[in-house]
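Just upload.csv here, CSV, C-alpha atoms (C1' of nucleotides):
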```csv
chain,number,residue,atom,x,y,z
A,1,MET,CA,11.5,16.2,28.3
A,2,ASP,CA,8.2,14.8,29.3
A,3,SER,CA,6.3,17.7,27.8
A,4,TYR,CA,8.0,17.4,24.4
A,5,PRO,CA,5.8,14.6,23.1
A,6,ARG,CA,2.6,16.2,24.2
A,7,VAL,CA,3.5,19.4,22.5
A,8,LEU,CA,4.1,17.4,19.4
A,9,HIS,CA,0.9,15.5,19.8
A,10,ASP,CA,-1.2,18.6,20.2
A,11,ALA,CA,0.4,20.3,17.2
A,12,VAL,CA,0.0,17.4,14.8
A,13,ILE,CA,-3.5,16.5,16.0
A,14,ASP,CA,-4.7,20.1,15.9
A,15,TRP,CA,-3.3,20.4,12.3
A,16,TYR,CA,-5.1,17.2,11.4
A,17,ASP,CA,-8.4,18.5,12.8
A,18,ASN,CA,-8.1,21.4,10.4
A,19,HIS,CA,-6.5,19.9,7.3
A,20,ALA,CA,-7.5,16.2,7.1
A,21,ARG,CA,-9.0,15.0,3.9
A,22,GLU,CA,-12.5,13.6,4.0
A,23,LEU,CA,-12.1,10.1,2.9
A,24,PRO,CA,-14.9,7.5,2.8
A,25,TRP,CA,-13.0,5.0,5.0
A,26,ARG,CA,-12.8,7.7,7.7
A,27,GLY,CA,-15.6,9.1,9.8
A,28,LEU,CA,-18.3,7.6,11.8
A,29,GLU,CA,-20.2,5.9,9.0
A,30,ALA,CA,-17.2,3.8,7.9
A,31,THR,CA,-17.4,0.1,8.9
A,32,PRO,CA,-14.4,-1.9,10.0
A,33,TRP,CA,-14.8,-3.8,6.7
A,34,SER,CA,-14.6,-0.5,4.8
A,35,VAL,CA,-11.5,0.4,6.6
A,36,MET,CA,-10.0,-3.1,5.9
A,37,VAL,CA,-10.8,-2.9,2.2
A,38,SER,CA,-9.2,0.5,2.0
A,39,GLU,CA,-6.1,-0.6,3.8
A,40,LEU,CA,-5.5,-3.5,1.4
A,41,MET,CA,-6.1,-1.3,-1.6
A,42,LEU,CA,-3.8,1.4,-0.3
A,43,GLN,CA,-0.8,-0.9,0.0
A,44,GLN,CA,1.6,0.7,-2.4
A,45,THR,CA,-1.3,2.4,-4.3
A,46,PRO,CA,-2.2,6.2,-4.1
A,47,VAL,CA,-5.4,7.4,-2.5
A,48,ALA,CA,-6.7,9.0,-5.7
A,49,ARG,CA,-6.7,5.7,-7.6
A,50,VAL,CA,-8.2,3.7,-4.7
A,51,LEU,CA,-11.2,6.0,-4.2
A,52,PRO,CA,-13.4,4.8,-7.1
A,53,VAL,CA,-12.5,1.2,-6.7
A,54,HIS,CA,-13.2,1.2,-3.0
A,55,ALA,CA,-16.6,2.7,-3.7
A,56,LEU,CA,-17.5,0.0,-6.2
A,57,TRP,CA,-16.3,-2.8,-3.8
A,58,LEU,CA,-18.3,-1.5,-0.8
A,59,GLU,CA,-21.4,-1.0,-2.9
A,60,ARG,CA,-21.2,-4.5,-4.3
A,61,TRP,CA,-19.8,-6.3,-1.3
A,62,PRO,CA,-20.8,-4.3,1.8
A,63,THR,CA,-19.8,-7.1,4.2
A,64,PRO,CA,-17.1,-9.8,4.3
A,65,ALA,CA,-19.8,-12.4,3.7
A,66,ASP,CA,-20.8,-10.8,0.5
A,67,LEU,CA,-17.3,-11.0,-0.9
A,68,ALA,CA,-16.7,-14.5,0.5
A,69,GLY,CA,-19.7,-15.6,-1.6
A,70,GLU,CA,-18.1,-14.4,-4.8
A,71,SER,CA,-15.6,-16.1,-7.1
A,72,THR,CA,-12.0,-15.0,-6.9
A,73,GLY,CA,-12.1,-14.1,-10.6
A,74,GLU,CA,-14.7,-11.5,-9.9
A,75,ALA,CA,-12.7,-10.0,-7.2
A,76,VAL,CA,-9.7,-9.8,-9.5
A,77,ARG,CA,-11.8,-8.2,-12.2
A,78,MET,CA,-13.3,-5.6,-9.8
A,79,TRP,CA,-9.7,-4.9,-8.6
A,80,GLY,CA,-9.3,-3.2,-12.0
A,81,ARG,CA,-6.0,-1.4,-12.5
A,82,LEU,CA,-5.0,-0.9,-8.9
A,83,GLY,CA,-2.0,-3.1,-9.4
A,84,TYR,CA,-0.6,-6.1,-7.5
A,85,PRO,CA,-3.8,-8.1,-8.2
A,86,ARG,CA,-2.7,-10.8,-5.7
A,87,ARG,CA,-4.1,-8.4,-3.1
A,88,ALA,CA,-7.5,-9.0,-4.5
A,89,LEU,CA,-7.0,-12.7,-3.9
A,90,ARG,CA,-5.8,-12.1,-0.4
A,91,LEU,CA,-8.7,-9.8,0.4
A,92,HIS,CA,-11.1,-12.5,-0.9
A,93,ALA,CA,-9.4,-15.2,1.2
A,94,ALA,CA,-9.5,-12.9,4.2
A,95,ALA,CA,-13.2,-12.4,3.8
A,96,ILE,CA,-13.7,-16.2,3.8
A,97,ALA,CA,-11.5,-16.5,6.9
A,98,ILE,CA,-13.5,-13.8,8.6
A,99,VAL,CA,-16.7,-15.6,7.9
A,100,GLU,CA,-15.3,-19.0,9.1
A,101,ARG,CA,-13.3,-17.8,12.1
A,102,HIS,CA,-15.0,-14.6,13.2
A,103,GLY,CA,-18.7,-14.9,12.4
A,104,GLY,CA,-18.5,-12.6,9.5
A,105,GLU,CA,-17.2,-9.6,11.6
A,106,VAL,CA,-13.8,-8.1,11.0
A,107,PRO,CA,-11.9,-9.0,14.2
A,108,ALA,CA,-10.7,-6.2,16.4
A,109,SER,CA,-7.6,-7.8,17.9
A,110,TYR,CA,-4.2,-7.2,16.3
A,111,ASP,CA,-3.3,-10.9,16.5
A,112,ASP,CA,-6.5,-12.0,14.8
A,113,LEU,CA,-6.0,-9.4,12.1
A,114,LEU,CA,-2.4,-10.3,11.6
A,115,ALA,CA,-3.4,-13.9,10.9
A,116,LEU,CA,-5.6,-12.9,7.9
A,117,PRO,CA,-4.2,-13.2,4.4
A,118,GLY,CA,-2.7,-9.9,3.1
A,119,VAL,CA,-2.6,-8.4,6.5
A,120,GLY,CA,0.9,-7.7,7.9
A,121,ASP,CA,2.1,-5.6,10.8
A,122,TYR,CA,1.2,-2.3,9.3
A,123,THR,CA,-2.3,-3.3,8.1
A,124,ALA,CA,-3.2,-5.1,11.4
A,125,SER,CA,-2.1,-2.0,13.4
A,126,ALA,CA,-3.9,0.3,11.0
A,127,ILE,CA,-7.2,-1.5,11.2
A,128,ALA,CA,-7.0,-2.0,15.0
A,129,SER,CA,-6.3,1.7,15.3
A,130,PHE,CA,-8.5,3.3,12.8
A,131,ALA,CA,-11.5,1.0,12.9
A,132,PHE,CA,-11.4,0.1,16.6
A,133,GLY,CA,-9.7,3.0,18.3
A,134,GLN,CA,-6.9,1.0,19.8
A,135,ARG,CA,-3.4,2.0,20.7
A,136,HIS,CA,-0.8,0.7,18.2
A,137,VAL,CA,2.4,1.8,16.6
A,138,VAL,CA,1.3,2.4,13.0
A,139,LEU,CA,4.5,2.5,10.9
A,140,ASP,CA,3.8,3.2,7.2
A,141,THR,CA,6.0,5.0,4.8
A,142,ASN,CA,4.5,8.3,5.7
A,143,VAL,CA,4.9,8.0,9.5
A,144,ARG,CA,8.4,6.6,9.0
A,145,ARG,CA,9.4,9.6,6.9
A,146,VAL,CA,7.9,12.1,9.3
A,147,LEU,CA,9.5,10.6,12.4
A,148,THR,CA,12.9,10.2,10.7
A,149,ARG,CA,12.9,13.9,9.8
A,150,VAL,CA,11.4,15.4,12.9
A,151,VAL,CA,13.1,13.2,15.5
A,152,THR,CA,16.2,11.7,13.9
A,153,GLY,CA,17.1,14.6,11.6
A,154,GLU,CA,17.5,12.6,8.4
A,155,GLU,CA,15.8,13.0,5.1
A,156,PHE,CA,14.6,9.4,4.6
A,157,PRO,CA,14.3,6.3,6.7
A,158,ALA,CA,16.3,3.2,6.2
A,159,PRO,CA,15.1,0.7,3.5
A,160,ALA,CA,13.6,-1.5,6.2
A,161,VAL,CA,12.2,-0.6,9.6
A,162,THR,CA,14.9,-0.6,12.2
A,163,ARG,CA,14.7,-1.4,15.9
A,164,ALA,CA,15.7,2.2,16.8
A,165,GLU,CA,12.9,3.5,14.5
A,166,ARG,CA,10.3,1.4,16.2
A,167,ASP,CA,11.6,2.5,19.6
A,168,VAL,CA,11.1,6.1,18.6
A,169,ALA,CA,7.6,5.5,17.4
A,170,THR,CA,6.8,3.5,20.5
A,171,ALA,CA,8.1,6.3,22.8
A,172,LEU,CA,6.1,8.9,21.0
A,173,LEU,CA,2.8,7.0,21.0
A,174,PRO,CA,0.2,8.7,23.3
A,175,ASP,CA,-0.9,6.7,26.3
A,176,ASP,CA,-4.6,7.2,25.8
A,177,PRO,CA,-6.0,4.8,23.1
A,178,ALA,CA,-8.2,7.3,21.4
A,179,THR,CA,-5.5,9.9,21.2
A,180,ALA,CA,-3.0,7.3,20.0
A,181,ALA,CA,-5.4,6.4,17.2
A,182,THR,CA,-5.8,10.0,16.2
A,183,TRP,CA,-2.0,10.5,16.4
A,184,ALA,CA,-1.5,7.6,14.1
A,185,VAL,CA,-3.8,8.8,11.3
A,186,ALA,CA,-2.6,12.4,11.8
A,187,THR,CA,1.1,11.6,11.4
A,188,MET,CA,0.2,9.6,8.3
A,189,GLU,CA,-1.8,12.5,6.9
A,190,LEU,CA,1.0,14.9,7.7
A,191,GLY,CA,3.4,12.7,5.7
A,192,ALA,CA,1.0,12.4,2.8
A,193,LEU,CA,0.1,16.1,2.5
A,194,VAL,CA,3.0,18.2,4.0
A,195,CYS,CA,6.1,16.1,4.8
A,196,THR,CA,6.2,14.6,1.4
A,197,ALA,CA,9.1,12.7,-0.1
A,198,ARG,CA,10.1,15.1,-2.8
A,199,GLN,CA,9.2,18.7,-1.9
A,200,PRO,CA,8.1,18.9,1.7
A,201,ALA,CA,5.9,22.0,2.5
A,202,CYS,CA,7.7,23.0,5.7
A,203,HIS,CA,6.0,26.4,5.6
A,204,ALA,CA,2.7,24.5,6.2
A,205,CYS,CA,4.1,22.1,8.8
A,206,PRO,CA,2.8,22.4,12.4
A,207,VAL,CA,6.0,21.0,13.8
A,208,ALA,CA,8.5,22.7,11.6
A,209,GLU,CA,10.0,24.6,14.6
A,210,ALA,CA,10.8,21.3,16.3
A,211,CYS,CA,12.0,19.4,13.2
A,212,ALA,CA,15.5,18.0,13.6
A,213,TRP,CA,16.0,17.7,9.9
A,214,ARG,CA,15.1,21.3,9.2
A,215,GLY,CA,17.1,22.4,12.2
A,216,ALA,CA,20.2,20.7,10.7
A,217,GLY,CA,19.7,22.5,7.4
A,218,PHE,CA,18.1,19.7,5.5
A,219,PRO,CA,21.1,17.4,5.1
A,220,ALA,CA,20.7,15.1,2.0
A,221,TYR,CA,20.0,11.4,2.5
A,222,ASP,CA,23.2,9.6,3.3
A,223,GLY,CA,22.1,6.0,3.8
A,224,PRO,CA,22.3,2.9,1.7
A,225,PRO,CA,21.0,3.4,-1.9
A,226,ARG,CA,17.2,3.1,-2.2
A,227,ARG,CA,16.8,0.7,-5.1
A,228,GLY,CA,14.3,1.7,-7.8
A,229,GLN,CA,11.8,-0.7,-9.2
A,230,ALA,CA,12.8,-2.0,-12.6
A,231,TRP,CA,9.9,-2.3,-15.0
A,232,ALA,CA,10.6,-2.5,-18.7
A,233,GLY,CA,11.0,-6.1,-19.8
A,234,THR,CA,10.3,-7.6,-16.3
A,235,ASP,CA,8.0,-10.4,-15.5
A,236,ARG,CA,5.9,-7.9,-13.7
A,237,GLN,CA,5.3,-6.0,-16.9
A,238,CYS,CA,4.6,-9.3,-18.7
A,239,ARG,CA,2.2,-10.4,-16.1
A,240,GLY,CA,0.5,-7.1,-16.1
A,241,ARG,CA,-0.1,-7.3,-19.9
A,242,ILE,CA,-1.6,-10.7,-19.5
A,243,MET,CA,-3.9,-9.7,-16.7
A,244,ALA,CA,-5.0,-6.6,-18.5
A,245,LEU,CA,-6.0,-8.9,-21.4
A,246,VAL,CA,-8.1,-11.3,-19.3
A,247,ARG,CA,-9.8,-8.5,-17.4
A,248,GLU,CA,-11.1,-7.1,-20.6
A,249,ASN,CA,-12.0,-10.3,-22.3
A,250,ASP,CA,-13.9,-13.3,-20.9
A,251,ALA,CA,-11.2,-15.6,-22.3
A,252,VAL,CA,-7.9,-15.2,-24.1
A,253,THR,CA,-6.2,-17.4,-26.6
A,254,ALA,CA,-2.6,-18.3,-27.0
A,255,ALA,CA,-2.4,-16.1,-30.0
A,256,GLN,CA,-3.7,-13.1,-28.1
A,257,VAL,CA,-1.2,-13.6,-25.3
A,258,GLU,CA,1.6,-14.0,-27.8
A,259,ALA,CA,0.6,-10.7,-29.4
A,260,ALA,CA,0.7,-9.1,-26.0
A,261,TRP,CA,4.2,-10.5,-25.2
A,262,PRO,CA,6.3,-12.0,-28.0
A,263,THR,CA,9.2,-13.4,-25.9
A,264,THR,CA,8.3,-17.1,-25.6
A,265,ASP,CA,10.2,-18.2,-22.5
A,266,GLN,CA,9.1,-15.3,-20.4
A,267,ARG,CA,5.5,-15.5,-21.6
A,268,GLU,CA,5.3,-19.1,-20.7
A,269,ARG,CA,6.9,-18.6,-17.4
A,270,CYS,CA,4.5,-15.7,-16.5
A,271,LEU,CA,1.4,-17.6,-17.6
A,272,ALA,CA,2.4,-20.6,-15.4
A,273,GLY,CA,3.2,-18.2,-12.6
A,274,LEU,CA,-0.2,-16.5,-12.8
A,275,VAL,CA,-2.0,-19.9,-12.9
A,276,ASP,CA,0.1,-20.9,-9.9
A,277,ASP,CA,-0.8,-17.7,-8.1
A,278,GLY,CA,-4.5,-18.4,-8.7
A,279,LEU,CA,-4.9,-15.2,-10.8
A,280,LEU,CA,-5.6,-17.2,-14.0
A,281,THR,CA,-7.0,-20.6,-15.0
A,282,GLN,CA,-6.3,-22.6,-18.1
A,283,THR,CA,-9.8,-23.5,-19.2
A,284,THR,CA,-8.7,-25.6,-22.2
A,285,PRO,CA,-5.3,-26.1,-23.8
A,286,GLY,CA,-4.2,-22.7,-25.2
A,287,ARG,CA,-7.0,-20.8,-23.5
A,288,TRP,CA,-7.0,-18.8,-20.3
A,289,ALA,CA,-9.6,-16.9,-18.2
A,290,LEU,CA,-10.1,-15.4,-14.8
A,291,PRO,CA,-10.8,-18.1,-12.2
A,292,GLY,CA,-14.4,-18.9,-11.9
B,1,DT,C1',17.6,-10.2,4.3
B,2,DA,C1',16.7,-9.2,-0.2
B,3,DC,C1',13.7,-9.8,-3.7
B,4,DT,C1',9.3,-10.1,-6.1
B,5,DC,C1',4.9,-8.4,-7.1
B,6,DG,C1',1.3,-3.6,-11.0
B,7,DT,C1',0.1,0.7,-12.3
B,8,DG,C1',0.2,5.4,-13.4
B,9,DG,C1',0.9,10.2,-11.9
B,10,DT,C1',4.6,13.6,-11.0
B,11,DT,C1',9.0,16.0,-11.6
C,1,DT,C1',12.1,12.2,-19.7
C,2,DA,C1',13.8,8.7,-17.2
C,3,DA,C1',13.4,8.2,-12.5
C,4,DC,C1',10.9,8.5,-8.5
C,5,DC,C1',7.1,7.5,-5.7
C,6,DA,C1',2.7,5.5,-3.7
C,7,DA,C1',-1.5,3.7,3.8
C,8,DG,C1',3.2,-3.4,2.2
C,9,DA,C1',3.0,-8.4,2.2
C,10,DG,C1',4.9,-12.8,1.4
C,11,DT,C1',8.7,-15.7,0.8
```
Go ahead and express the file in the form of C-alpha cells.
Amino acid sequence: MDSYPRVLHDAVIDWYDNHARELPWRGLEATPWSVMVSELMLQQTPVARVLPVHALWLERWPTPADLAGESTGEAVRMWGRLGYPRRALRLHAAAIAIVERHGGEVPASYDDLLALPGVGDYTASAIASFAFGQRHVVLDTNVRRVLTRVVTGEEFPAPAVTRAERDVATALLPDDPATAATWAVATMELGALVCTARQPACHACPVAEACAWRGAGFPAYDGPPRRGQAWAGTDRQCRGRIMALVRENDAVTAAQVEAAWPTTDQRERCLAGLVDDGLLTQTTPGRWALPG
DNA sequence: TACTCGTGGTT
DNA sequence: TAACCAAGAGT
C-alpha cells in the first residue's frame, strides 16, 4: 500500500511535465506577487479570461507597493469584467497590508498569507506552495474532483470540503516539499485539462487504470443537489449593470442608473450596497463614481 | 452552515 | 437553450 501513492505521484507529475500549460504565473520568472495576483483573479474565474488582465496588472503594478499607492477605484477599473469586483478591493487591501506588515514582500508563511484580505485556505496554500515551494494540501475544485474520482470513486465531491476529503488529500501529499508543490499544481492541471466536470478525457488520463470511479463504471453523482447560481433579476445582476456603467463612464447619474435597472427598490438597495462595499462613492446627490 | 457575490463561455 | 461551470472568500 505504501507504493500506491508514489506510483500515483510519478504518473501525475510525469503527465504534468509533458502536458502543462505555459502560464505567466508559472515558471522561474514569476514573482510571488505575480502568483498572488493570479490566484485572486482565478477565484471562480477561468484562466482564459484572467490572462490579459493579469498581464495588465503586472505591467502597471509590478510590486505590492505599486498597487498600494493607487486608488481603490483604479484597481476596480483595471479589474475589468473578471467579475466579483470585491476581489479587486481585497487585492488592493492586501497590497497595503503587505507593505505595512511585511516590508512590501509577499509573505511566505501560510498563516501570514491567510491573514491577508481575500486570502482563504485555498489561496494561502496555493501561494505558499507555488510561489515558495512549500508542502501544503491545496484543495481547489479541480483537486477535489480528481481525488473524489480516483480515490473515492464518486463523480463529484460534496458541496463543501469534508473532513474525510481533507484526510485523503493529506495522506496523498508527498513528503518532500518540492515534490508536494509539483503534485499540487499537477493535480490541479489534471482536473482542469483531463478530469473535467462534464466530459472527462479518461483516454488521456495518466491514472485511468487506478481510477476508482472509472473502475466502478462511472456511477452518476448521488449526493445532495448541487445548487445552481440564479442570475436573472438578482441583486448580482443589478450590481453588475451598475458597475459596468461606472467602469465605462467617469461618473453616472441617477437617470443613467435608472435606465440600466428600472426596478426602484432593488436599484436603491444595490446602489447602497455597492457604496457600503466600497465599490462606489456618491460624489454628489444623484451622482456616483468609482472611489477616488 | 448556507448564502451571497459577476461574468461569459460551453453544452 | 437553459443550465452548467469556472485555481473561493466572507459572513
*Interatomic distance, C1' of DT1 in chain C to C1' of DG9 in chain B (Å, one decimal)*: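 Separation between C1' of DT1 in chain C and C1' of DG9 in chain B: 13.8 Å.
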*Which residues, protein or nucleic acid, reach to within 8 Å of (15.0, 4.4, -12.3) in the file's coordinates when using only C-alpha atoms (C1' of nucleotides), and can you give that as a list in words?*
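Here is the list of nearby residues: Gly228, Gln229 and Ala230 of chain A; DA2, DA3 and DC4 of chain C.
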*asked:* Distance limit 7 Å, atoms considered: all atoms listed in the file. Which chain A residues sit that close to chain B? Return them as a count of residues only.
replied: 6
Rows by chain and residue number, chain A within 7 Å of chain C, shortest pair, all atoms listed in the file, as a tab-separated table:
```
residue	atom	partner	partner_atom	distance
A:Glu39	CA	C:DA7	C1'	6.3
A:Leu42	CA	C:DA7	C1'	5.2
A:Gln43	CA	C:DG8	C1'	5.2
A:Gln44	CA	C:DA6	C1'	5.1
A:Thr45	CA	C:DA6	C1'	5.1
A:Pro46	CA	C:DA6	C1'	5.0
A:Gly118	CA	C:DA9	C1'	6.0
A:Gly120	CA	C:DA9	C1'	6.1
A:Asp140	CA	C:DA7	C1'	6.3
```
Using the selection just defined, write its residues with C-alpha atoms as a PDB file, in the frame of the given file.
```
ATOM      1  CA  GLU A  39      -6.100  -0.600   3.800  1.00  0.00           C
ATOM      2  CA  LEU A  42      -3.800   1.400  -0.300  1.00  0.00           C
ATOM      3  CA  GLN A  43      -0.800  -0.900   0.000  1.00  0.00           C
ATOM      4  CA  GLN A  44       1.600   0.700  -2.400  1.00  0.00           C
ATOM      5  CA  THR A  45      -1.300   2.400  -4.300  1.00  0.00           C
ATOM      6  CA  PRO A  46      -2.200   6.200  -4.100  1.00  0.00           C
ATOM      7  CA  GLY A 118      -2.700  -9.900   3.100  1.00  0.00           C
ATOM      8  CA  GLY A 120       0.900  -7.700   7.900  1.00  0.00           C
ATOM      9  CA  ASP A 140       3.800   3.200   7.200  1.00  0.00           C
TER      10      ASP A 140
END
```
*Extract, using only C-alpha atoms (C1' of nucleotides), all DNA, RNA and protein residues at most 12 Å from Gly215 in chain A, discarding same-chain residues fewer than 3 positions from it, and format them as number ranges by chain.*
A: 149-155, 202, 207-212, 218-219
_Who sits within 8 Å of Tyr16 in chain A, all atoms listed in the file, same chain under 2 positions skipped, as a list of chain:residue names_ =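 Near neighbours after the sequence-gap exclusion: A:Val12, A:Ile13, A:Asp14, A:Asn18, A:His19, A:Ala20, A:Ala186, A:Glu189, A:Leu190.
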*Interatomic distance between CA of Pro225 in chain A and CA of Ala158 in chain A?*
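Between these atoms lies a distance of 9.4 Å.
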*List the neighbours of Gly233 in chain A out to 10 Å using all atoms listed in the file; skip same-chain residues closer than 5 positions along the sequence, and give me the result as JSON, numbers by chain.*
{"A": [238, 261, 263, 266]}
*Which value, in Å to one decimal, gives the distance between CA of Ala164 in chain A and CA of Leu147 in chain A?*
11.3 Å
*Spatial neighbours of range 180-182 of chain A, max dist 9 Å, all atoms listed in the file, sep filter under 5 positions, as a ChimeraX atom specification*: /A:13,16,126,128-130,132-138,173-175,187
Could the residues in this selection be saved with C-alpha atoms as a tab-separated table (two decimals), in the coordinates of the input?
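The result, written out as part.tsv:
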```tsv
chain	number	residue	atom	x	y	z
A	13	ILE	CA	-3.50	16.50	16.00
A	16	TYR	CA	-5.10	17.20	11.40
A	126	ALA	CA	-3.90	0.30	11.00
A	128	ALA	CA	-7.00	-2.00	15.00
A	129	SER	CA	-6.30	1.70	15.30
A	130	PHE	CA	-8.50	3.30	12.80
A	132	PHE	CA	-11.40	0.10	16.60
A	133	GLY	CA	-9.70	3.00	18.30
A	134	GLN	CA	-6.90	1.00	19.80
A	135	ARG	CA	-3.40	2.00	20.70
A	136	HIS	CA	-0.80	0.70	18.20
A	137	VAL	CA	2.40	1.80	16.60
A	138	VAL	CA	1.30	2.40	13.00
A	173	LEU	CA	2.80	7.00	21.00
A	174	PRO	CA	0.20	8.70	23.30
A	175	ASP	CA	-0.90	6.70	26.30
A	187	THR	CA	1.10	11.60	11.40
```
